[in-house]
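A.B. asks: Below are the structure tokens for one structure; questions will follow.
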Amino acid sequence: MKLTADDICLASSGTLVRGSAETMFTAVTIDSRTASPGTLFVPLPGTQTDGHAFLATAVQQGAAGFFFAEHINPSLPEGAVAIGVPDPLIALQNLASWVRARSSARIIGIAGSNGKTTTKELMAQVFASKKKTWATPGNLNNHIGLPLTLLRAEDDVEVLVLELGTSGAGELATLCQIARPQIGVITSIAEEHTETLKDLAGVIAAETELIAALPPDGVAVVYGDHEGLLEAVHRQARCRIVTFGEYANNHFRISEIQVTRQGTRCLIHTPQGRYVLQLQLLGSHFALAAAASLAVATECGITLDDAGTALRVAKGAARRMAVVEVPARRLTVLDDCYNANPASMLQALKTATQVRAPGERLLLVLGDMLELGTLSQIRHQEIGDAVAALRPPPDCVVTVGEDAKRIAAVVEKTTIPSRWFTTSEQAATFVQEMVLDFSGPQLLLVKGSRGIRLEEVTRRVEE
């Protein structure tokens with residue numbers, strides 16, 4: 001980002017109230033503490049206080065200027081450019097859209113119920129091996145994070161890999177108006193955010209807003225193993241459709257998946273021929289992310305061999321089935337606590353069972369799956385049923401949170417030892433003691449929604 005104050009006013013429909021129109025801006029932030037010379041500070045309303053309360057702090061930190069809401073008419077600090085706008089958030093989005101319109105980069109948007117961040121990470125590493133690439137940092141995938149991602153990209157970036165999140169109808173359509181992706185990827189479809197999206201049909205409608213936004217000369221790269229999703233995609237797409245998955249009719253078909261402690265190996269049948277792919281990552285869901293990455297890469301002129309070479313050494317995102325070794329305790333932790341819904345929970349249980357070594361103690365720490373609304377009780381009970389059906393059974397199941405009590409209720413009816421806790425801190429203390437009291441090999445799966453903070457369990461066990 002290299003824009004003058006005049007550019008910013010033009011892009012955001014803002015009014016230059018103070019400062020020079022020639023002042024140069026090279027960065028944007030919504031956090032006054034990270035402001036520095038060349039930064040534009042955007043004050044947004046927060047849960048506790050409004051960002052306008054920190055205008056002076058941003059200037060003291062060196063910000064070159066700031067937006068402010070004209071209707072608030074706050075006290076404007078001296079020493080920086082002041083740009084009045086009707087709404088700072090909309091101004092931020094308009095600025096990002098203006099910058100996007102002037103970019104020659106290939107824009108790839110990634111949506112879906114599970115695997116968005118992993119697919120984004122793998123895809124970005126594939127493209128970075130051949131082109132100058134910028135991808136969504138962390139999970140900046142919403143109406144605030146997407147504009148920040150676009151504005152933080154350098155002007156000469158060739159490929160932008162953007163994660164697009166949604167929890168409500170219309171949200172993806174708004175993001176696509178800003179980003180205008182040429183290639184859209186839907187990684188999977190499953191029940192998620194049903195508190196707002198109601199049911200699977202609502203999820204499909206929300207996720208396929210990405211497909212409806214693609215231009216006629218674009219490409220929709222879509223998970224092909226879900227009939228309802230494919231029907232919606234074909235109804236809405238104006239562009240070519242490429243599918244990936246395990247079913248025979250997919251353009252990029254995955255078969256012969258093998259998941260071991262050494263990683264995930266599979267055979268991918270592509271329009272360019274068959275390709276054997278070895279990943280360092282554990283879980284069959286990583287094969288789906290890799291297949292989507294291969295599909296997009298080949299659409300953009302990267303060969304299967306070059307893409308596969310990059311994928312072989314690709315790293316996953318933090319806390320998405322990350323493997324943490326604690327050799328002193330003969331312990332392996334599968335850290336999958338970034339987030340959870342029913343489909344990803346079942347996948348995590350499957351992976352833990354697949355990589356468990358003979359004679360290895362298996363400990364499960366399972367937290368609430370949040371934002372499921374009226375489906376919450378039945379879905380947590382079903383996870384309990386899945387845990388009870390694992391063979392060989394786990395050696396202990398620890399559940400955390402009010403919703404996870406349903407998992408515990410099912411497990412308690414079996415011979416599997418179990419404990420339920422209200423907080424991650426309580427669970428962490430128990431798990432830490434349990435690990436220390438055992439001298440043999442141990443495998444620990446930690447899985448739950450982000451709001452349950454199960455990373456506390458992983459942190460304590462690592463200590």
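Ordered as shown in the structure tokens, chains take letters A, B, and onward, while each chain numbers its residues from 1 and ligands are numbered from 1 in the order shown.
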Give me the residues within 9 Å of Gly373 of chain A as a PyMOL selection string, counting only C-alpha atoms and dropping any in the same chain fewer than 3 places off.
C.D. replies: chain A and resi 193-196+198+370+376-377
A.B. asks: Please return, as a list in words, all residues of segment 283-362 of chain A that DSSP assigns to strand (DSSP E) on the basis of the backbone.
C.D. replies: Ala322, Val323, Val324, Glu325, Val326, Leu331, Thr332, Val333, Leu334, Asp335, Asp336, Arg361 and Leu362 of chain A
A.B. asks: Could the residues in this selection be written to a file with N, CA and C atoms, as a PDB file, in the first residue's frame?
C.D. replies:
```
ATOM      1  N   ALA A 322      -1.881 -30.033  14.471  1.00  0.00           N
ATOM      2  CA  ALA A 322      -0.438 -29.867  14.598  1.00  0.00           C
ATOM      3  C   ALA A 322       0.109 -30.924  15.543  1.00  0.00           C
ATOM      4  N   VAL A 323       1.245 -31.483  15.204  1.00  0.00           N
ATOM      5  CA  VAL A 323       1.862 -32.538  16.007  1.00  0.00           C
ATOM      6  C   VAL A 323       2.902 -31.918  16.926  1.00  0.00           C
ATOM      7  N   VAL A 324       2.721 -32.130  18.223  1.00  0.00           N
ATOM      8  CA  VAL A 324       3.664 -31.626  19.219  1.00  0.00           C
ATOM      9  C   VAL A 324       4.248 -32.826  19.968  1.00  0.00           C
ATOM     10  N   GLU A 325       5.556 -32.979  19.895  1.00  0.00           N
ATOM     11  CA  GLU A 325       6.215 -34.093  20.572  1.00  0.00           C
ATOM     12  C   GLU A 325       6.759 -33.639  21.925  1.00  0.00           C
ATOM     13  N   VAL A 326       6.526 -34.454  22.950  1.00  0.00           N
ATOM     14  CA  VAL A 326       7.097 -34.218  24.282  1.00  0.00           C
ATOM     15  C   VAL A 326       7.894 -35.474  24.635  1.00  0.00           C
ATOM     16  N   LEU A 331       5.293 -38.658  24.855  1.00  0.00           N
ATOM     17  CA  LEU A 331       3.956 -38.136  24.543  1.00  0.00           C
ATOM     18  C   LEU A 331       3.928 -37.454  23.186  1.00  0.00           C
ATOM     19  N   THR A 332       2.885 -37.747  22.398  1.00  0.00           N
ATOM     20  CA  THR A 332       2.605 -37.022  21.163  1.00  0.00           C
ATOM     21  C   THR A 332       1.252 -36.331  21.314  1.00  0.00           C
ATOM     22  N   VAL A 333       1.223 -35.021  21.063  1.00  0.00           N
ATOM     23  CA  VAL A 333      -0.011 -34.247  21.152  1.00  0.00           C
ATOM     24  C   VAL A 333      -0.501 -33.918  19.746  1.00  0.00           C
ATOM     25  N   LEU A 334      -1.752 -34.206  19.473  1.00  0.00           N
ATOM     26  CA  LEU A 334      -2.409 -33.758  18.246  1.00  0.00           C
ATOM     27  C   LEU A 334      -3.211 -32.513  18.623  1.00  0.00           C
ATOM     28  N   ASP A 335      -2.642 -31.369  18.332  1.00  0.00           N
ATOM     29  CA  ASP A 335      -3.235 -30.085  18.725  1.00  0.00           C
ATOM     30  C   ASP A 335      -4.178 -29.627  17.614  1.00  0.00           C
ATOM     31  N   ASP A 336      -5.473 -29.836  17.805  1.00  0.00           N
ATOM     32  CA  ASP A 336      -6.474 -29.478  16.797  1.00  0.00           C
ATOM     33  C   ASP A 336      -7.544 -28.593  17.430  1.00  0.00           C
ATOM     34  N   ARG A 361      -1.227 -45.401  24.791  1.00  0.00           N
ATOM     35  CA  ARG A 361      -2.407 -44.899  25.489  1.00  0.00           C
ATOM     36  C   ARG A 361      -2.984 -43.709  24.738  1.00  0.00           C
ATOM     37  N   LEU A 362      -4.302 -43.714  24.512  1.00  0.00           N
ATOM     38  CA  LEU A 362      -4.978 -42.625  23.809  1.00  0.00           C
ATOM     39  C   LEU A 362      -5.829 -41.827  24.789  1.00  0.00           C
TER      40      LEU A 362
END
```
A.B. asks: Write out as an MDAnalysis selection string which residues come within 9 Å of Arg33 of chain A when counting only C-alpha atoms, dropping same-chain ones fewer than 2 positions away.
C.D. replies: chainID A and resid 30:31 35:36 54 57:58 61
A.B. asks: For Gln347 of chain A, work out the shell of residues within 9 Å, counting only C-alpha atoms and skipping chain neighbours fewer than 6 positions away, then give it as a list in words.
C.D. replies: Gly283, Ser284 and His285 of chain A
A.B. asks: Store the residues picked out above, limited to C-alpha atoms, as an mmCIF file, in the first residue's frame.
C.D. replies:
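Produced file selection_20.cif, reproduced below:
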```
data_model
loop_
_atom_site.group_PDB
_atom_site.id
_atom_site.type_symbol
_atom_site.label_atom_id
_atom_site.label_comp_id
_atom_site.auth_asym_id
_atom_site.auth_seq_id
_atom_site.Cartn_x
_atom_site.Cartn_y
_atom_site.Cartn_z
ATOM 1 C CA GLY A 283 -5.191 -36.637 8.298
ATOM 2 C CA SER A 284 -7.183 -37.489 5.191
ATOM 3 C CA HIS A 285 -8.673 -33.972 5.240
#
```
A.B. asks: In Å, rounded to a single decimal, give me how far atom CA of Ala128 of chain A is from atom CA of Ser104 of chain A.
C.D. replies: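 Computing the Euclidean distance for atom CA of Ser104 of chain A and atom CA of Ala128 of chain A yields 16.6 Å.
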A.B. asks: Return as JSON, numbers by chain the full set of residues in segment 297-377 of chain A whose backbone-based DSSP assignment is alpha helix (DSSP H).
C.D. replies: {"A": [297, 298, 299, 304, 305, 306, 307, 308, 309, 310, 311, 312, 342, 343, 344, 345, 346, 347, 348, 349, 350, 351, 352, 353, 354, 355, 376, 377]}
A.B. asks: Keeping only N, CA and C atoms, take the residues you just selected and write them out as a PDB file, in the first residue's frame.
C.D. replies:
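File produced: result.pdb:
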```pdb
ATOM      1  N   ALA A 297      -3.648 -24.567  -8.742  1.00  0.00           N
ATOM      2  CA  ALA A 297      -2.301 -24.334  -9.278  1.00  0.00           C
ATOM      3  C   ALA A 297      -2.227 -24.648 -10.770  1.00  0.00           C
ATOM      4  N   THR A 298      -2.801 -25.790 -11.170  1.00  0.00           N
ATOM      5  CA  THR A 298      -2.744 -26.146 -12.585  1.00  0.00           C
ATOM      6  C   THR A 298      -3.593 -25.206 -13.435  1.00  0.00           C
ATOM      7  N   GLU A 299      -4.686 -24.679 -12.872  1.00  0.00           N
ATOM      8  CA  GLU A 299      -5.473 -23.675 -13.581  1.00  0.00           C
ATOM      9  C   GLU A 299      -4.648 -22.423 -13.849  1.00  0.00           C
ATOM     10  N   LEU A 304       1.937 -30.083 -12.264  1.00  0.00           N
ATOM     11  CA  LEU A 304       1.684 -31.001 -11.156  1.00  0.00           C
ATOM     12  C   LEU A 304       2.961 -31.270 -10.372  1.00  0.00           C
ATOM     13  N   ASP A 305       4.066 -31.477 -11.067  1.00  0.00           N
ATOM     14  CA  ASP A 305       5.321 -31.776 -10.384  1.00  0.00           C
ATOM     15  C   ASP A 305       5.773 -30.611  -9.517  1.00  0.00           C
ATOM     16  N   ASP A 306       5.672 -29.410 -10.041  1.00  0.00           N
ATOM     17  CA  ASP A 306       6.105 -28.248  -9.259  1.00  0.00           C
ATOM     18  C   ASP A 306       5.194 -28.030  -8.054  1.00  0.00           C
ATOM     19  N   ALA A 307       3.888 -28.175  -8.274  1.00  0.00           N
ATOM     20  CA  ALA A 307       2.946 -28.005  -7.160  1.00  0.00           C
ATOM     21  C   ALA A 307       3.142 -29.106  -6.122  1.00  0.00           C
ATOM     22  N   GLY A 308       3.330 -30.338  -6.589  1.00  0.00           N
ATOM     23  CA  GLY A 308       3.520 -31.455  -5.675  1.00  0.00           C
ATOM     24  C   GLY A 308       4.801 -31.334  -4.871  1.00  0.00           C
ATOM     25  N   THR A 309       5.843 -30.829  -5.494  1.00  0.00           N
ATOM     26  CA  THR A 309       7.105 -30.618  -4.779  1.00  0.00           C
ATOM     27  C   THR A 309       6.922 -29.637  -3.633  1.00  0.00           C
ATOM     28  N   ALA A 310       6.177 -28.569  -3.886  1.00  0.00           N
ATOM     29  CA  ALA A 310       5.910 -27.589  -2.827  1.00  0.00           C
ATOM     30  C   ALA A 310       5.045 -28.185  -1.727  1.00  0.00           C
ATOM     31  N   LEU A 311       4.060 -29.002  -2.094  1.00  0.00           N
ATOM     32  CA  LEU A 311       3.159 -29.587  -1.104  1.00  0.00           C
ATOM     33  C   LEU A 311       3.865 -30.604  -0.211  1.00  0.00           C
ATOM     34  N   ARG A 312       4.871 -31.269  -0.750  1.00  0.00           N
ATOM     35  CA  ARG A 312       5.566 -32.276   0.052  1.00  0.00           C
ATOM     36  C   ARG A 312       6.230 -31.685   1.285  1.00  0.00           C
ATOM     37  N   PRO A 342     -19.231 -30.462  14.037  1.00  0.00           N
ATOM     38  CA  PRO A 342     -19.379 -31.925  14.072  1.00  0.00           C
ATOM     39  C   PRO A 342     -18.504 -32.674  13.069  1.00  0.00           C
ATOM     40  N   ALA A 343     -18.409 -32.166  11.841  1.00  0.00           N
ATOM     41  CA  ALA A 343     -17.618 -32.869  10.826  1.00  0.00           C
ATOM     42  C   ALA A 343     -16.134 -32.872  11.173  1.00  0.00           C
ATOM     43  N   SER A 344     -15.624 -31.742  11.622  1.00  0.00           N
ATOM     44  CA  SER A 344     -14.193 -31.694  11.940  1.00  0.00           C
ATOM     45  C   SER A 344     -13.883 -32.482  13.208  1.00  0.00           C
ATOM     46  N   MET A 345     -14.830 -32.567  14.127  1.00  0.00           N
ATOM     47  CA  MET A 345     -14.630 -33.370  15.332  1.00  0.00           C
ATOM     48  C   MET A 345     -14.523 -34.853  14.970  1.00  0.00           C
ATOM     49  N   LEU A 346     -15.413 -35.311  14.106  1.00  0.00           N
ATOM     50  CA  LEU A 346     -15.352 -36.709  13.667  1.00  0.00           C
ATOM     51  C   LEU A 346     -14.052 -36.999  12.921  1.00  0.00           C
ATOM     52  N   GLN A 347     -13.618 -36.035  12.104  1.00  0.00           N
ATOM     53  CA  GLN A 347     -12.364 -36.211  11.379  1.00  0.00           C
ATOM     54  C   GLN A 347     -11.188 -36.320  12.340  1.00  0.00           C
ATOM     55  N   ALA A 348     -11.190 -35.508  13.394  1.00  0.00           N
ATOM     56  CA  ALA A 348     -10.103 -35.549  14.370  1.00  0.00           C
ATOM     57  C   ALA A 348     -10.052 -36.893  15.087  1.00  0.00           C
ATOM     58  N   LEU A 349     -11.216 -37.418  15.456  1.00  0.00           N
ATOM     59  CA  LEU A 349     -11.266 -38.727  16.100  1.00  0.00           C
ATOM     60  C   LEU A 349     -10.746 -39.820  15.161  1.00  0.00           C
ATOM     61  N   LYS A 350     -11.108 -39.722  13.900  1.00  0.00           N
ATOM     62  CA  LYS A 350     -10.647 -40.686  12.902  1.00  0.00           C
ATOM     63  C   LYS A 350      -9.131 -40.653  12.773  1.00  0.00           C
ATOM     64  N   THR A 351      -8.578 -39.450  12.696  1.00  0.00           N
ATOM     65  CA  THR A 351      -7.129 -39.317  12.525  1.00  0.00           C
ATOM     66  C   THR A 351      -6.376 -39.853  13.741  1.00  0.00           C
ATOM     67  N   ALA A 352      -6.865 -39.515  14.939  1.00  0.00           N
ATOM     68  CA  ALA A 352      -6.206 -40.010  16.149  1.00  0.00           C
ATOM     69  C   ALA A 352      -6.181 -41.535  16.176  1.00  0.00           C
ATOM     70  N   THR A 353      -7.283 -42.157  15.762  1.00  0.00           N
ATOM     71  CA  THR A 353      -7.354 -43.619  15.735  1.00  0.00           C
ATOM     72  C   THR A 353      -6.403 -44.192  14.692  1.00  0.00           C
ATOM     73  N   GLN A 354      -6.294 -43.523  13.549  1.00  0.00           N
ATOM     74  CA  GLN A 354      -5.430 -44.008  12.469  1.00  0.00           C
ATOM     75  C   GLN A 354      -3.947 -43.977  12.841  1.00  0.00           C
ATOM     76  N   VAL A 355      -3.520 -42.953  13.561  1.00  0.00           N
ATOM     77  CA  VAL A 355      -2.092 -42.802  13.836  1.00  0.00           C
ATOM     78  C   VAL A 355      -1.688 -43.380  15.194  1.00  0.00           C
ATOM     79  N   SER A 376     -27.317 -28.225  18.754  1.00  0.00           N
ATOM     80  CA  SER A 376     -26.169 -28.477  19.625  1.00  0.00           C
ATOM     81  C   SER A 376     -26.296 -29.771  20.429  1.00  0.00           C
ATOM     82  N   GLN A 377     -27.434 -29.967  21.087  1.00  0.00           N
ATOM     83  CA  GLN A 377     -27.567 -31.122  21.969  1.00  0.00           C
ATOM     84  C   GLN A 377     -27.405 -32.440  21.218  1.00  0.00           C
TER      85      GLN A 377
END
```
